[in-house]
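Peer 1: The following file, entry-v1.cif, comprises mmCIF, C-alpha atoms and all ligand atoms:
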```cif
data_coords
#
loop_
_atom_site.label_atom_id
_atom_site.label_comp_id
_atom_site.auth_asym_id
_atom_site.auth_seq_id
_atom_site.Cartn_x
_atom_site.Cartn_y
_atom_site.Cartn_z
CA MET N 1 3.77 -40.42 29.73
CA ALA N 2 5.29 -37.96 32.17
CA ARG N 3 3.88 -34.49 32.04
CA VAL N 4 5.62 -31.50 33.56
CA ALA N 5 3.27 -29.47 35.76
CA GLY N 6 2.21 -26.21 34.18
CA THR N 7 2.92 -27.25 30.60
CA GLU N 8 -0.67 -28.17 29.75
CA ARG N 9 -1.94 -26.25 26.75
CA ARG N 10 -5.31 -25.92 25.08
CA GLY N 11 -6.19 -27.03 21.64
CA GLY N 12 -3.93 -29.83 20.51
CA PRO N 13 -5.77 -32.97 19.37
CA THR N 14 -3.74 -35.23 21.64
CA GLU N 15 -3.99 -33.00 24.70
CA ARG N 16 -6.60 -33.36 27.41
CA PRO N 17 -9.14 -30.54 27.73
CA ASP N 18 -8.07 -27.70 30.00
CA SER N 19 -9.54 -28.37 33.42
CA THR N 20 -8.15 -25.29 35.17
CA PRO N 21 -11.12 -23.75 36.98
CA ILE N 22 -12.46 -20.67 35.22
CA ALA N 23 -12.98 -19.17 38.68
CA ARG N 24 -11.35 -20.17 41.94
CA LEU N 25 -12.05 -18.53 45.29
CA ALA N 26 -10.23 -19.31 48.50
CA GLY N 27 -11.47 -17.78 51.74
CA ALA N 28 -13.13 -14.94 49.83
CA THR N 29 -14.55 -12.43 52.29
CA LYS N 30 -16.22 -9.05 51.88
CA ILE N 31 -16.84 -6.76 54.80
CA TYR N 32 -18.48 -3.40 54.20
CA PRO N 33 -17.48 -0.88 56.85
CA ALA N 34 -20.46 0.78 58.47
CA ALA N 35 -20.93 3.38 61.18
CA GLY N 36 -22.48 1.01 63.70
CA GLU N 37 -21.43 -2.56 62.96
CA ASP N 38 -19.50 -3.70 59.86
CA VAL N 39 -21.56 -5.69 57.35
CA HIS N 40 -20.17 -9.17 56.75
CA ALA N 41 -21.66 -9.62 53.27
CA VAL N 42 -19.53 -12.62 52.22
CA THR N 43 -17.54 -14.77 54.64
CA ASP N 44 -14.81 -17.28 53.83
CA VAL N 45 -16.11 -18.65 50.54
CA THR N 46 -13.98 -21.35 48.93
CA LEU N 47 -15.26 -22.52 45.58
CA ALA N 48 -14.00 -23.61 42.16
CA ILE N 49 -16.04 -23.30 38.97
CA ALA N 50 -15.09 -25.56 36.09
CA PRO N 51 -15.05 -24.42 32.45
CA GLY N 52 -18.56 -24.77 31.00
CA GLU N 53 -20.16 -25.47 34.37
CA ILE N 54 -23.50 -23.93 35.37
CA VAL N 55 -23.55 -22.97 39.05
CA ALA N 56 -26.44 -21.39 40.93
CA LEU N 57 -25.85 -19.17 43.95
CA LEU N 58 -29.02 -19.81 45.87
CA GLY N 59 -30.16 -17.92 48.94
CA ARG N 60 -32.59 -15.45 50.40
CA SER N 61 -32.39 -11.73 49.82
CA GLY N 62 -29.41 -10.38 51.77
CA SER N 63 -27.53 -13.69 51.86
CA GLY N 64 -24.60 -12.26 49.86
CA LYS N 65 -25.29 -13.56 46.34
CA THR N 66 -24.81 -10.24 44.54
CA THR N 67 -21.72 -9.43 46.56
CA LEU N 68 -20.20 -12.82 45.73
CA LEU N 69 -21.10 -12.40 42.07
CA ASN N 70 -19.48 -8.96 42.06
CA LEU N 71 -16.32 -10.41 43.62
CA ILE N 72 -16.17 -13.10 40.92
CA GLY N 73 -16.91 -10.46 38.27
CA THR N 74 -14.06 -8.27 39.58
CA LEU N 75 -16.54 -5.43 40.08
CA ASP N 76 -15.66 -5.42 43.77
CA ARG N 77 -12.50 -6.42 45.64
CA PRO N 78 -12.43 -8.88 48.54
CA THR N 79 -11.53 -7.72 52.04
CA ALA N 80 -9.68 -11.02 52.49
CA GLY N 81 -9.00 -14.19 50.55
CA THR N 82 -7.94 -14.83 46.96
CA ILE N 83 -9.84 -14.88 43.68
CA GLU N 84 -8.54 -16.32 40.43
CA ILE N 85 -10.30 -15.81 37.11
CA ALA N 86 -9.05 -17.82 34.12
CA GLY N 87 -5.87 -18.51 36.08
CA VAL N 88 -5.22 -14.85 36.93
CA ARG N 89 -5.16 -13.61 40.53
CA VAL N 90 -7.44 -10.58 40.45
CA GLU N 91 -7.78 -9.22 43.98
CA ALA N 92 -4.87 -6.79 43.63
CA LEU N 93 -4.85 -6.33 39.87
CA PRO N 94 -4.84 -2.70 38.64
CA GLU N 95 -8.15 -1.40 37.28
CA GLU N 96 -6.93 -1.30 33.69
CA ALA N 97 -6.00 -5.00 33.72
CA LEU N 98 -9.38 -5.79 35.31
CA LEU N 99 -11.14 -3.88 32.53
CA ARG N 100 -9.34 -5.99 29.93
CA LEU N 101 -10.09 -9.21 31.80
CA ARG N 102 -13.80 -8.32 32.02
CA ARG N 103 -13.91 -7.36 28.36
CA GLU N 104 -12.20 -10.52 27.17
CA THR N 105 -13.30 -13.18 29.62
CA LEU N 106 -16.53 -12.20 31.38
CA GLY N 107 -20.10 -11.48 30.38
CA PHE N 108 -22.76 -9.91 32.61
CA VAL N 109 -26.54 -10.23 32.72
CA PHE N 110 -28.51 -8.16 35.24
CA GLN N 111 -32.01 -8.26 36.69
CA PHE N 112 -32.96 -4.92 35.14
CA PHE N 113 -31.26 -5.60 31.80
CA HIS N 114 -29.13 -2.40 31.76
CA LEU N 115 -29.66 -1.72 28.06
CA PHE N 116 -29.42 1.68 26.40
CA PRO N 117 -33.11 2.26 25.56
CA TYR N 118 -32.51 4.66 22.65
CA LEU N 119 -29.97 2.39 20.95
CA THR N 120 -31.32 -0.44 18.80
CA ALA N 121 -31.21 -4.06 19.90
CA LEU N 122 -28.37 -4.54 17.42
CA GLU N 123 -26.36 -1.61 18.80
CA ASN N 124 -26.82 -2.85 22.36
CA ALA N 125 -25.67 -6.35 21.43
CA ALA N 126 -22.72 -4.87 19.53
CA LEU N 127 -21.38 -2.74 22.41
CA PRO N 128 -18.79 -5.24 23.70
CA LEU N 129 -17.56 -5.72 20.13
CA TRP N 130 -16.96 -1.99 19.63
CA LEU N 131 -15.28 -1.80 23.04
CA GLY N 132 -13.16 -4.77 22.04
CA GLY N 133 -11.90 -3.05 18.90
CA TRP N 134 -14.16 -4.67 16.30
CA HIS N 135 -15.23 -2.36 13.48
CA GLY N 136 -16.77 -2.18 10.05
CA SER N 137 -19.38 -4.61 8.79
CA ASP N 138 -18.01 -7.44 10.97
CA VAL N 139 -19.76 -5.85 13.95
CA ALA N 140 -23.23 -5.85 12.39
CA VAL N 141 -22.82 -9.36 11.01
CA ARG N 142 -21.75 -10.73 14.39
CA ALA N 143 -24.42 -8.79 16.31
CA ARG N 144 -27.18 -9.95 13.92
CA GLY N 145 -25.99 -13.53 14.38
CA LEU N 146 -26.18 -13.13 18.16
CA LEU N 147 -29.69 -11.69 18.00
CA ALA N 148 -30.73 -14.59 15.77
CA GLN N 149 -29.36 -16.97 18.43
CA VAL N 150 -31.65 -15.41 21.04
CA GLY N 151 -34.61 -15.44 18.64
CA LEU N 152 -34.68 -11.71 17.91
CA ALA N 153 -33.47 -11.47 14.32
CA ASP N 154 -36.61 -9.56 13.35
CA LYS N 155 -36.22 -7.00 16.17
CA ALA N 156 -32.59 -6.06 15.52
CA ASP N 157 -33.36 -2.51 14.40
CA ARG N 158 -35.92 -1.69 17.09
CA PRO N 159 -34.94 0.68 19.93
CA ALA N 160 -34.25 -1.53 22.94
CA GLY N 161 -36.65 0.57 25.01
CA SER N 162 -39.55 -0.47 22.80
CA LEU N 163 -39.07 -4.20 23.46
CA SER N 164 -40.83 -6.32 26.09
CA GLY N 165 -39.00 -7.31 29.28
CA GLY N 166 -38.31 -10.81 28.01
CA GLU N 167 -36.98 -9.44 24.73
CA MET N 168 -34.78 -6.93 26.54
CA GLN N 169 -33.25 -9.70 28.61
CA ARG N 170 -32.61 -11.71 25.44
CA VAL N 171 -30.78 -8.69 23.96
CA ALA N 172 -28.77 -8.50 27.19
CA ILE N 173 -27.88 -12.19 26.82
CA ALA N 174 -26.78 -11.58 23.22
CA ARG N 175 -24.61 -8.70 24.49
CA ALA N 176 -23.14 -10.85 27.28
CA LEU N 177 -22.14 -13.51 24.75
CA ALA N 178 -20.87 -11.10 22.08
CA HIS N 179 -17.16 -11.51 22.76
CA ASP N 180 -17.35 -15.22 23.49
CA PRO N 181 -16.76 -14.99 27.25
CA LYS N 182 -15.49 -17.93 29.25
CA LEU N 183 -17.73 -17.05 32.19
CA VAL N 184 -21.13 -15.35 32.27
CA LEU N 185 -22.42 -13.92 35.54
CA ALA N 186 -26.17 -13.46 35.81
CA ASP N 187 -27.76 -11.73 38.80
CA GLU N 188 -31.45 -12.67 39.20
CA PRO N 189 -31.79 -12.63 35.39
CA THR N 190 -35.46 -13.66 35.51
CA GLY N 191 -36.35 -11.62 38.60
CA ASN N 192 -38.16 -8.95 36.63
CA LEU N 193 -40.01 -11.22 34.16
CA ASP N 194 -43.36 -12.97 34.17
CA GLN N 195 -43.27 -16.75 34.38
CA ALA N 196 -43.49 -17.47 30.65
CA ASN N 197 -40.68 -15.04 29.79
CA ALA N 198 -38.65 -16.26 32.77
CA GLU N 199 -38.83 -19.81 31.39
CA THR N 200 -37.77 -18.67 27.91
CA VAL N 201 -34.84 -16.62 29.22
CA LEU N 202 -33.71 -19.34 31.60
CA SER N 203 -33.67 -22.13 29.04
CA LEU N 204 -31.98 -19.83 26.55
CA LEU N 205 -29.23 -19.03 29.06
CA ALA N 206 -28.71 -22.70 29.85
CA THR N 207 -28.78 -23.79 26.20
CA LEU N 208 -26.41 -21.08 24.99
CA ALA N 209 -24.01 -21.67 27.87
CA LYS N 210 -23.89 -25.39 27.08
CA GLU N 211 -23.61 -24.83 23.31
CA SER N 212 -20.81 -22.30 23.59
CA GLY N 213 -19.03 -24.04 26.47
CA THR N 214 -19.32 -20.88 28.58
CA ALA N 215 -19.48 -21.32 32.34
CA LEU N 216 -22.46 -19.62 33.97
CA VAL N 217 -22.92 -18.43 37.53
CA LEU N 218 -26.50 -17.54 38.26
CA ALA N 219 -27.60 -15.77 41.45
CA THR N 220 -31.19 -16.50 42.40
CA HIS N 221 -33.47 -16.74 45.42
CA SER N 222 -35.60 -19.33 43.58
CA GLU N 223 -35.16 -23.12 43.78
CA ALA N 224 -37.08 -23.40 40.51
CA THR N 225 -34.60 -21.13 38.71
CA ALA N 226 -31.65 -22.93 40.25
CA ARG N 227 -32.77 -26.26 38.79
CA ILE N 228 -30.94 -25.53 35.50
CA ALA N 229 -27.61 -25.56 37.33
CA ASP N 230 -25.12 -28.43 37.46
CA ARG N 231 -24.43 -27.42 41.08
CA ARG N 232 -26.29 -25.31 43.60
CA VAL N 233 -24.33 -23.29 46.14
CA HIS N 234 -26.58 -22.46 49.10
CA MET N 235 -25.79 -19.23 50.91
CA VAL N 236 -26.95 -18.10 54.33
CA ASP N 237 -25.71 -14.85 55.91
CA GLY N 238 -22.78 -14.59 53.50
CA ARG N 239 -21.56 -18.15 54.03
CA VAL N 240 -21.80 -21.20 51.80
CA VAL N 241 -23.70 -23.74 53.86
CA GLU N 242 -24.23 -26.49 51.30
CA ILE N 243 -23.25 -27.40 47.75
CA ARG N 244 -25.26 -30.01 45.90
N1 LIG N 301 -22.21 -1.58 49.11
C1 LIG N 301 -22.66 -2.07 50.26
N2 LIG N 301 -22.45 -1.42 51.42
C2 LIG N 301 -22.89 -1.92 52.59
N3 LIG N 301 -23.57 -3.09 52.71
C3 LIG N 301 -23.81 -3.77 51.60
C4 LIG N 301 -23.39 -3.31 50.32
N4 LIG N 301 -23.77 -4.23 49.37
C5 LIG N 301 -24.42 -5.19 50.05
N5 LIG N 301 -24.46 -4.92 51.37
C6 LIG N 301 -25.06 -5.78 52.43
O1 LIG N 301 -24.47 -7.05 52.31
C7 LIG N 301 -25.43 -8.07 52.56
C8 LIG N 301 -25.52 -9.00 51.34
O2 LIG N 301 -26.12 -8.27 50.27
P1 LIG N 301 -26.25 -8.84 48.81
O3 LIG N 301 -24.93 -9.36 48.37
O4 LIG N 301 -26.85 -7.76 47.97
O5 LIG N 301 -27.25 -10.05 49.01
P2 LIG N 301 -28.27 -10.75 47.99
O6 LIG N 301 -27.80 -10.46 46.60
O7 LIG N 301 -28.20 -12.20 48.35
O8 LIG N 301 -29.61 -10.17 48.26
C9 LIG N 301 -26.72 -7.37 52.89
O9 LIG N 301 -26.82 -7.27 54.26
C10 LIG N 301 -26.54 -6.02 52.24
O10 LIG N 301 -27.30 -5.04 52.89
MG MG N 302 -28.84 -9.60 44.98
#
```
Render the structure in this file as structure tokens.

Peer 2:
Amino acid sequence: MARVAGTERRGGPTERPDSTPIARLAGATKIYPAAGEDVHAVTDVTLAIAPGEIVALLGRSGSGKTTLLNLIGTLDRPTAGTIEIAGVRVEALPEEALLRLRRETLGFVFQFFHLFPYLTALENAALPLWLGGWHGSDVAVRARGLLAQVGLADKADRPAGSLSGGEMQRVAIARALAHDPKLVLADEPTGNLDQANAETVLSLLATLAKESGTALVLATHSEATARIADRRVHMVDGRVVEIR
């Protein structure tokens, strides 16, 4: 049957699944101006990430992983090239539209967790819900469900600052998944954990991403961490040198 380009929709039982990349970069480049020589942090990266795909950005410290993750996360704007998130060109989008896109489509997990230590685990996990306009008892019900998913149902009312590193990162994962993002960006998410906790957090991230159909881009310097990915994007000096 003939299909008119651009008429594909999600959801119908007879329709094929949406295969539009959740992120698409073409020639993405980031140059930081500096007094002596400009820093070429990311150079000419062309990459498409499929819905639900787990991709590792793998490279040494300084190879441009965080910069590339920040470009995909719309936290930084490219010097050149184009970036599309969920079909939306973002490189020139006004800040307010970017805020909405981040809130609705993206989730973030950081190496140092970035929790509010004096808020409870539940309140930390609930933050994106409040920001997204949820209110009343729905928030607590949803946030408790998320904490149960990461194995922390019994710690929901503890101040986040009183939890172990592994537990804090699990709260951060619950928070990242709170609003059902299409793409989660994780920057060295196990970099500050001992090996046992790193394993727990890593398999949790992979399992939850697969269960929820969320794509995951994971920046890491470690081959062992990158093994959970469907594809590994190797970076050297800001360039993608190999994808496998
Ligand atoms: N805000 C910035 N200003 C100037 N240089 C930066 C900035 N952020 C990163 N860089 C430089 O860009 C390069 C890539 O850094 P980064 O993306 O943090 O790499 P990675 O995450 O792989 O360690 C490094 O040389 C780093 O010093
Ligand atoms: Mg980094």

Peer 1: Around ligand LIG 301 (chain N), which protein and nucleic acid residues have at least one atom no more than 10 Å from it, if we count all atoms listed in the file? List them as an NGL selection string.

Peer 2: :N and (30-34 or 38-42 or 57-71 or 76 or 187-188 or 219-221 or 235-238)

Peer 1: I'd like the neighbourhood of Gly191 (chain N) as a ChimeraX atom specification, where a residue qualifies if any of its atoms comes within 12 Å (using only C-alpha atoms), though same-chain residues fewer than 4 positions away should be ignored.

Peer 2: /N:61,109-113,165-166,169,186-187,195,197-199,201-202,218-222,224-225

Peer 1: Taking C-alpha atoms for each residue, export the selection above as a CSV table (one decimal), in the frame of the given file.

Peer 2:
```
chain,number,residue,atom,x,y,z
N,61,SER,CA,-32.4,-11.7,49.8
N,109,VAL,CA,-26.5,-10.2,32.7
N,110,PHE,CA,-28.5,-8.2,35.2
N,111,GLN,CA,-32.0,-8.3,36.7
N,112,PHE,CA,-33.0,-4.9,35.1
N,113,PHE,CA,-31.3,-5.6,31.8
N,165,GLY,CA,-39.0,-7.3,29.3
N,166,GLY,CA,-38.3,-10.8,28.0
N,169,GLN,CA,-33.2,-9.7,28.6
N,186,ALA,CA,-26.2,-13.5,35.8
N,187,ASP,CA,-27.8,-11.7,38.8
N,195,GLN,CA,-43.3,-16.8,34.4
N,197,ASN,CA,-40.7,-15.0,29.8
N,198,ALA,CA,-38.6,-16.3,32.8
N,199,GLU,CA,-38.8,-19.8,31.4
N,201,VAL,CA,-34.8,-16.6,29.2
N,202,LEU,CA,-33.7,-19.3,31.6
N,218,LEU,CA,-26.5,-17.5,38.3
N,219,ALA,CA,-27.6,-15.8,41.4
N,220,THR,CA,-31.2,-16.5,42.4
N,221,HIS,CA,-33.5,-16.7,45.4
N,222,SER,CA,-35.6,-19.3,43.6
N,224,ALA,CA,-37.1,-23.4,40.5
N,225,THR,CA,-34.6,-21.1,38.7
```

Peer 1: For Pro128 (chain N), which residue among N:Leu152, N:Leu177, N:Ala160, N:Leu205 is the nearest when counting all atoms listed in the file?

Peer 2: N:Leu177

Peer 1: Please, what distance in Å, to one decimal, runs between CA of Val55 (chain N) and CA of Ile85 (chain N)?

Peer 2: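 Answer for the CA of Val55 (chain N) to CA of Ile85 (chain N) separation: 15.2 Å.
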
Peer 1: Once 3 Å is added on each side, what are the centre and the three edge lengths, in Å to one decimal, of the axis-aligned box enclosing the listed atoms of region 37-46 of chain N? Present them as JSON.

Peer 2:
```
{"center_x": -17.8, "center_y": -12.0, "center_z": 55.9, "size_x": 13.7, "size_y": 24.8, "size_z": 20.0}
```

Peer 1: Do you have the CA of Val88 (chain N)-CA of Ala26 (chain N) distance handy?

Peer 2: 13.4 Å

Peer 1: Which residue out of N:His135, N:Leu47, N:Ala148, N:Ala121 has the minimum interatomic distance to Ser162 (chain N) when all atoms listed in the file are used?

Peer 2: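 Smallest distance to Ser162 (chain N) is found for N:Ala121.
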
Peer 1: What does the distance between CA of Phe116 (chain N) and CA of Ala140 (chain N) come to in Å, to one decimal place?

Peer 2: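 The value is 17.1 Å.
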
Peer 1: Got a sec: who's within 8 Å of Arg103 (chain N), counting all atoms listed in the file, leaving out chain neighbours fewer than 4 positions off, as a PyMOL selection string?

Peer 2: chain N and resi 99+107+128+131-132+179

Peer 1: If we count all atoms listed in the file and set the cut-off at 10 Å, which residues sit around Leu129 (chain N), ignoring sequence neighbours fewer than 4 positions away in its own chain? Please answer as a ChimeraX atom specification.

Peer 2: /N:103,123-125,133-135,138-140,142-143,175,178-179

Peer 1: Which of these residues is nearest to ligand MG 302 (chain N), using all atoms listed in the file: N:Arg170, N:Pro189, N:Asp154, N:Thr20?

Peer 2: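 That would be N:Pro189, the residue with the smallest distance to ligand MG 302 (chain N).
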
Peer 1: Which of these, N:Leu208, N:Ala48, N:Leu115, N:Leu122, has the shortest distance to Arg158 (chain N) once you count only C-alpha atoms?

Peer 2: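 Of the candidates, the smallest distance to Arg158 (chain N) is held by N:Leu122.
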
Peer 1: Please list, as a list in words, the residues that have an atom at most 10 Å away from (-15.1, -21.1, 44.9) in the coordinates of this file, counting all atoms listed in the file.

Peer 2: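 Those within range, by chain then number, are Pro21, Ala23, Arg24, Leu25, Ala26, Gly27, Ala28, Asp44, Val45, Thr46, Leu47, Ala48, Ile49, Ala50, Leu68, Ile72, Thr82, Ile83, Glu84, Val233 and Val240 of chain N.
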